[in-house]
Amino acid sequence: MDKEMYDVTIIGGGPIGLFAAFYGGMRQLKVKIIESLPHLGGQLNALYPEKYIYDIAGFPQTKAKDLVDSLVNQAMQFEPTVVLNQTVEGVVKTDDGYFQMVTNKEMHYSKTILISAGIGAFEPRRLNFEHAKQYEGKNLHYFINDLNHFADKDICILGGGDSAVDWALMMEPIANKVSIIHRRNNFRAHEASVRKLEDSDVNILKPYNLKEIHGDDEYIQSITIQNLETNECVSVELDELITNYGFVSSLGPIKEWGLEFHKNSIIVDSTMRTNVEGIYAAGDIVTFKGKVKLIATGFSDAATAISSIKTYIDPKARQQPQHSTSLFEKIKA
Amino acid sequence: MAFVITSPCRNEKSAECVEVCPVDAIHPGDDMYFIDPDVCIDCAACEAVCPVQAIYAEEEVPEEEEKFISLNRKYFEEIS
């Protein structure tokens, strides 16, 4: 467990959180990022990694996932601590004015908090069966970490988007058997990937709906799927079940931290300060007079928030930073 | 701003949009689906998957479909 005290803990590792991490480095703050998903990039990676973005200043067009890669590279120059797979559930301010944050896994300590959680914490859309939960971390997967785990197994993949199709194609050469089960007749994935899928040895089952999962105390052993046109039910035996039903997000616990909200946005002033001293916010999650929700303006919120945090921690510091051209060299020297 | 479901959804109710909405903003009405304008985050995921092109950004709703802007909103005011 990391009991270290950080200057700022950024909640949300999307584009704004990443830029804030970079800017925190520029202002020589000790920075930690906490992200709910197993990867950084927020909506850009979870919702539209392959889409082009046209309104990043200085970039006529950039693919969402490429922007994430650049932001990660930029932020990592200052080696912030990155915590993945953790969702901040509670925030407590101690008597000495510091914050304790409890996640689903551990406790974190920080002098200030910067919330750049966008539309809230993402999590995979889970199977709608009560008893499914007990198989998570066993043979029910919402994320793939280690491809080797699936070698020589019988694998079922649920879903019809890019992730489902891509995973099917990656597993087909190493698995014993791969089946992909989709509720529709058309896959939502890239045409080229779908063509590859149709030419592969992947067993394509559509339009089928998942009807039931069957397992013992340890593992799912088979599933029953129903053809949506004929209503015929089929049982499929499996070693591993992978579910790719996309992501859902919600503000969830953030609403319980005593922050002032307008609808689903945190109210901040022009310094990005919230109503709780020491907690700042930036990006899509904030609202103030004239707020525009864009990545471009989120970056601006982030720089303002970090500068405000710098002066909050060190009242002698300047709100207005030096130009990066001179500052960067000095810090890195 | 928000996305709005219009007349082609009537009796179609294909529900692809419901599956892709990352914030679960799309709810079933009697004969069509509606998008909660206070929950919608304008990601446009639903627009892309609608098989009958029923979904528009609010400011792009065709003139003859404009009544659906208030119908979408009204649906959520009534159930809340």
# chains A, B, ... in the order shown; residues from 1 in each chain; ligands from 1
>>> select_by_dssp(residues="region 115-327 of chain A", states="alpha helix (DSSP H)", output="ChimeraX atom specification")
/A:162-171,191-199,295-313,324-327
>>> interface_residues(of="chain B", to="chain A", cutoff="7 Å", atoms="only C-alpha atoms", output="list in words")
Val20, Pro22 and Val23 of chain B
>>> write_last_selection(atoms="C-alpha atoms", output="PDB file, in the first residue's frame")
ATOM      1  CA  VAL B  20     -24.512   1.396 -27.139  1.00  0.00           C
ATOM      2  CA  PRO B  22     -22.687   4.730 -22.398  1.00  0.00           C
ATOM      3  CA  VAL B  23     -24.840   6.597 -19.901  1.00  0.00           C
TER       4      VAL B  23
END
>>> residues_around(residues="His39 (chain A)", least_positions_apart="5", cutoff="12 Å", atoms="only C-alpha atoms", output="list in words")
Gly12, Gly13, Gly14, Leu18, Ile33, Ile34, Leu44, Asn45, Ala46, Lys65, Val68, Asp69, Val72, Val82, Val83, Leu84, Asn85, Gln86, Phe122, Glu123, Phe143, Ile144 and Asn145 of chain A
>>> closest_residue(among="B:Ser14, B:Asn72, B:Ser80, B:Ser7", to="Pro51 (chain B)", atoms="only C-alpha atoms")
B:Ser14
>>> select_by_dssp(residues="region 152-215 of chain A", states="strand (DSSP E)", output="JSON, numbers by chain")
{"A": [154, 155, 156, 157, 158, 177, 178, 179, 180, 181, 203, 204, 205, 208, 209, 210, 211, 212, 213, 214, 215]}
>>> closest_residue(among="A:Lys111, A:Tyr142, A:Ile10, A:Glu89", to="Ala305 (chain A)", atoms="only C-alpha atoms")
A:Ile10
>>> atom_distance(atom1="CA of Gly24 (chain A)", atom2="CA of Trp257 (chain A)")
23.3 Å
>>> atom_distance(atom1="CA of Tyr56 (chain B)", atom2="CA of Val4 (chain B)")
5.4 Å
>>> residues_around(residues="Arg73 (chain B)", least_positions_apart="2", cutoff="10 Å", atoms="only C-alpha atoms", output="list in words")
Ala2, Val4, Phe34, Ile35, Asp36, Pro37, Asp38, Phe68, Ile69, Ser70, Leu71, Tyr75, Phe76, Glu77 and Glu78 of chain B
>>> closest_residue(among="A:Thr274, A:Ala189, A:Ser307, A:His323", to="Gln28 (chain A)", atoms="only C-alpha atoms")
A:Ser307
>>> closest_residue(among="A:Leu158, A:Val194, A:Met171, A:Ile279", to="Ile309 (chain A)", atoms="only C-alpha atoms")
A:Ile279
>>> residues_around(residues="Ile331 (chain A)", least_positions_apart="2", cutoff="8 Å", atoms="only C-alpha atoms", output="list in words")
Met26, Gln28, Leu327, Phe328, Glu329 and Ala333 of chain A
>>> write_last_selection(atoms="N, CA, C and O atoms", output="compact mmCIF listing (two decimals), in the first residue's frame")
# COMPACT_ATOMS: atom_id res chain seq x y z
N MET A 26 4.99 20.22 -14.45
CA MET A 26 5.59 21.52 -14.80
C MET A 26 5.63 22.45 -13.59
O MET A 26 6.56 23.24 -13.45
N GLN A 28 5.95 21.44 -10.65
CA GLN A 28 6.73 20.69 -9.65
C GLN A 28 5.89 20.19 -8.47
O GLN A 28 6.28 20.27 -7.31
N LEU A 327 10.65 27.15 -18.60
CA LEU A 327 10.35 26.38 -17.39
C LEU A 327 10.76 24.92 -17.52
O LEU A 327 11.39 24.34 -16.63
N PHE A 328 10.42 24.31 -18.65
CA PHE A 328 10.65 22.88 -18.84
C PHE A 328 12.13 22.53 -18.69
O PHE A 328 12.49 21.60 -17.99
N GLU A 329 12.99 23.32 -19.33
CA GLU A 329 14.43 23.06 -19.29
C GLU A 329 14.92 23.14 -17.85
O GLU A 329 15.72 22.32 -17.39
N ALA A 333 16.47 19.99 -15.71
CA ALA A 333 17.93 20.08 -15.49
C ALA A 333 18.32 19.47 -14.15
O ALA A 333 17.56 19.51 -13.21
>>> residues_around(residues="Cys21 (chain B)", least_positions_apart="4", cutoff="9 Å", atoms="only C-alpha atoms", output="PyMOL selection string")
(chain A and resi 246-248) or (chain B and resi 16-17+25-26+40+43-46)
>>> atom_distance(atom1="CA of Glu12 (chain B)", atom2="CA of Gly29 (chain B)")
11.9 Å
>>> closest_residue(among="A:Lys211, A:Gly41, A:His141, A:Leu67", to="Asp55 (chain A)", atoms="only C-alpha atoms")
A:Leu67
>>> residues_around(residues="Asn148 (chain A)", least_positions_apart="5", cutoff="12 Å", atoms="only C-alpha atoms", output="PDB file with all heavy atoms, in the first residue's frame")
ATOM      1  N   LYS A 153      -7.954 -23.083 -25.343  1.00  0.00           N
ATOM      2  CA  LYS A 153      -9.242 -23.158 -24.642  1.00  0.00           C
ATOM      3  C   LYS A 153     -10.406 -23.035 -25.633  1.00  0.00           C
ATOM      4  O   LYS A 153     -10.235 -22.580 -26.763  1.00  0.00           O
ATOM      5  CB  LYS A 153      -9.338 -22.001 -23.628  1.00  0.00           C
ATOM      6  CG  LYS A 153      -8.215 -21.950 -22.593  1.00  0.00           C
ATOM      7  CD  LYS A 153      -8.656 -22.593 -21.295  1.00  0.00           C
ATOM      8  CE  LYS A 153      -7.618 -22.519 -20.197  1.00  0.00           C
ATOM      9  NZ  LYS A 153      -7.438 -21.202 -19.622  1.00  0.00           N
ATOM     10  N   MET A 170      -7.969 -12.121 -32.556  1.00  0.00           N
ATOM     11  CA  MET A 170      -6.674 -12.328 -31.891  1.00  0.00           C
ATOM     12  C   MET A 170      -6.593 -13.704 -31.249  1.00  0.00           C
ATOM     13  O   MET A 170      -5.514 -14.284 -31.126  1.00  0.00           O
ATOM     14  CB  MET A 170      -6.441 -11.245 -30.839  1.00  0.00           C
ATOM     15  CG  MET A 170      -6.046  -9.923 -31.466  1.00  0.00           C
ATOM     16  SD  MET A 170      -5.911  -8.630 -30.254  1.00  0.00           S
ATOM     17  CE  MET A 170      -4.236  -8.913 -29.699  1.00  0.00           C
ATOM     18  N   MET A 171      -7.741 -14.232 -30.805  1.00  0.00           N
ATOM     19  CA  MET A 171      -7.709 -15.511 -30.098  1.00  0.00           C
ATOM     20  C   MET A 171      -7.792 -16.701 -31.038  1.00  0.00           C
ATOM     21  O   MET A 171      -7.333 -17.793 -30.692  1.00  0.00           O
ATOM     22  CB  MET A 171      -8.855 -15.562 -29.108  1.00  0.00           C
ATOM     23  CG  MET A 171      -8.576 -14.577 -28.007  1.00  0.00           C
ATOM     24  SD  MET A 171      -9.710 -14.683 -26.678  1.00  0.00           S
ATOM     25  CE  MET A 171      -9.019 -13.404 -25.637  1.00  0.00           C
ATOM     26  N   PRO A 173      -6.171 -17.800 -33.622  1.00  0.00           N
ATOM     27  CA  PRO A 173      -4.991 -18.623 -33.923  1.00  0.00           C
ATOM     28  C   PRO A 173      -4.464 -19.425 -32.731  1.00  0.00           C
ATOM     29  O   PRO A 173      -3.787 -20.429 -32.928  1.00  0.00           O
ATOM     30  CB  PRO A 173      -3.932 -17.606 -34.364  1.00  0.00           C
ATOM     31  CG  PRO A 173      -4.598 -16.289 -34.456  1.00  0.00           C
ATOM     32  CD  PRO A 173      -5.869 -16.369 -33.697  1.00  0.00           C
ATOM     33  N   ILE A 174      -4.745 -18.979 -31.503  1.00  0.00           N
ATOM     34  CA  ILE A 174      -4.136 -19.661 -30.348  1.00  0.00           C
ATOM     35  C   ILE A 174      -5.125 -20.522 -29.568  1.00  0.00           C
ATOM     36  O   ILE A 174      -4.731 -21.444 -28.868  1.00  0.00           O
ATOM     37  CB  ILE A 174      -3.482 -18.643 -29.373  1.00  0.00           C
ATOM     38  CG1 ILE A 174      -4.517 -17.653 -28.833  1.00  0.00           C
ATOM     39  CG2 ILE A 174      -2.341 -17.896 -30.033  1.00  0.00           C
ATOM     40  CD1 ILE A 174      -4.075 -17.003 -27.539  1.00  0.00           C
ATOM     41  N   ALA A 175      -6.415 -20.235 -29.702  1.00  0.00           N
ATOM     42  CA  ALA A 175      -7.406 -20.972 -28.914  1.00  0.00           C
ATOM     43  C   ALA A 175      -7.739 -22.299 -29.587  1.00  0.00           C
ATOM     44  O   ALA A 175      -7.419 -22.517 -30.765  1.00  0.00           O
ATOM     45  CB  ALA A 175      -8.663 -20.137 -28.770  1.00  0.00           C
TER      46      ALA A 175
END
>>> decode(residues="region 10-72 of chain B", atoms="C-alpha atoms", output="PDB file, in the first residue's frame")
ATOM      1  CA  ARG B  10     -42.209   4.360 -33.996  1.00  0.00           C
ATOM      2  CA  ASN B  11     -43.001   0.661 -34.082  1.00  0.00           C
ATOM      3  CA  GLU B  12     -39.404  -0.071 -35.060  1.00  0.00           C
ATOM      4  CA  LYS B  13     -37.934  -0.013 -31.526  1.00  0.00           C
ATOM      5  CA  SER B  14     -34.865  -1.833 -32.697  1.00  0.00           C
ATOM      6  CA  ALA B  15     -32.933  -0.870 -29.528  1.00  0.00           C
ATOM      7  CA  GLU B  16     -29.398  -0.864 -30.912  1.00  0.00           C
ATOM      8  CA  CYS B  17     -29.170   2.632 -29.408  1.00  0.00           C
ATOM      9  CA  VAL B  18     -29.997   1.331 -25.946  1.00  0.00           C
ATOM     10  CA  GLU B  19     -27.145  -1.151 -26.166  1.00  0.00           C
ATOM     11  CA  VAL B  20     -24.512   1.396 -27.139  1.00  0.00           C
ATOM     12  CA  CYS B  21     -25.526   4.336 -24.926  1.00  0.00           C
ATOM     13  CA  PRO B  22     -22.687   4.730 -22.398  1.00  0.00           C
ATOM     14  CA  VAL B  23     -24.840   6.597 -19.901  1.00  0.00           C
ATOM     15  CA  ASP B  24     -28.063   4.551 -20.195  1.00  0.00           C
ATOM     16  CA  ALA B  25     -29.977   7.649 -21.282  1.00  0.00           C
ATOM     17  CA  ILE B  26     -32.365   5.790 -23.624  1.00  0.00           C
ATOM     18  CA  HIS B  27     -35.614   4.463 -22.216  1.00  0.00           C
ATOM     19  CA  PRO B  28     -38.480   2.558 -23.819  1.00  0.00           C
ATOM     20  CA  GLY B  29     -41.768   4.410 -24.336  1.00  0.00           C
ATOM     21  CA  ASP B  30     -44.944   2.728 -25.510  1.00  0.00           C
ATOM     22  CA  ASP B  31     -44.222   2.738 -29.223  1.00  0.00           C
ATOM     23  CA  MET B  32     -40.725   4.234 -29.443  1.00  0.00           C
ATOM     24  CA  TYR B  33     -37.567   4.983 -27.479  1.00  0.00           C
ATOM     25  CA  PHE B  34     -36.693   8.332 -25.916  1.00  0.00           C
ATOM     26  CA  ILE B  35     -33.397   9.995 -24.936  1.00  0.00           C
ATOM     27  CA  ASP B  36     -33.207  11.764 -21.595  1.00  0.00           C
ATOM     28  CA  PRO B  37     -31.809  15.196 -22.535  1.00  0.00           C
ATOM     29  CA  ASP B  38     -30.448  15.759 -19.025  1.00  0.00           C
ATOM     30  CA  VAL B  39     -28.424  12.548 -19.125  1.00  0.00           C
ATOM     31  CA  CYS B  40     -27.324  12.535 -22.787  1.00  0.00           C
ATOM     32  CA  ILE B  41     -23.632  13.441 -23.181  1.00  0.00           C
ATOM     33  CA  ASP B  42     -23.757  14.064 -26.950  1.00  0.00           C
ATOM     34  CA  CYS B  43     -21.387  11.225 -27.781  1.00  0.00           C
ATOM     35  CA  ALA B  44     -23.404  10.322 -30.922  1.00  0.00           C
ATOM     36  CA  ALA B  45     -22.946   6.581 -30.430  1.00  0.00           C
ATOM     37  CA  CYS B  46     -26.713   6.027 -30.859  1.00  0.00           C
ATOM     38  CA  GLU B  47     -26.960   8.054 -34.060  1.00  0.00           C
ATOM     39  CA  ALA B  48     -24.397   5.832 -35.737  1.00  0.00           C
ATOM     40  CA  VAL B  49     -26.110   2.512 -34.934  1.00  0.00           C
ATOM     41  CA  CYS B  50     -29.769   3.425 -35.540  1.00  0.00           C
ATOM     42  CA  PRO B  51     -30.962   1.147 -38.382  1.00  0.00           C
ATOM     43  CA  VAL B  52     -33.722   3.583 -39.423  1.00  0.00           C
ATOM     44  CA  GLN B  53     -31.823   6.900 -39.035  1.00  0.00           C
ATOM     45  CA  ALA B  54     -34.275   8.139 -36.431  1.00  0.00           C
ATOM     46  CA  ILE B  55     -31.713   9.905 -34.245  1.00  0.00           C
ATOM     47  CA  TYR B  56     -30.491  13.460 -34.713  1.00  0.00           C
ATOM     48  CA  ALA B  57     -28.534  16.026 -32.746  1.00  0.00           C
ATOM     49  CA  GLU B  58     -31.094  18.450 -31.356  1.00  0.00           C
ATOM     50  CA  GLU B  59     -30.175  21.298 -33.700  1.00  0.00           C
ATOM     51  CA  GLU B  60     -30.219  19.010 -36.725  1.00  0.00           C
ATOM     52  CA  VAL B  61     -33.691  17.571 -36.254  1.00  0.00           C
ATOM     53  CA  PRO B  62     -35.600  18.072 -39.531  1.00  0.00           C
ATOM     54  CA  GLU B  63     -38.384  20.640 -39.355  1.00  0.00           C
ATOM     55  CA  GLU B  64     -41.187  18.085 -39.717  1.00  0.00           C
ATOM     56  CA  GLU B  65     -39.757  16.099 -36.780  1.00  0.00           C
ATOM     57  CA  GLU B  66     -39.226  19.008 -34.397  1.00  0.00           C
ATOM     58  CA  LYS B  67     -42.108  18.054 -32.133  1.00  0.00           C
ATOM     59  CA  PHE B  68     -40.026  15.065 -31.018  1.00  0.00           C
ATOM     60  CA  ILE B  69     -37.588  17.386 -29.244  1.00  0.00           C
ATOM     61  CA  SER B  70     -40.291  18.261 -26.715  1.00  0.00           C
ATOM     62  CA  LEU B  71     -41.749  14.728 -26.802  1.00  0.00           C
ATOM     63  CA  ASN B  72     -38.380  13.315 -25.682  1.00  0.00           C
TER      64      ASN B  72
END
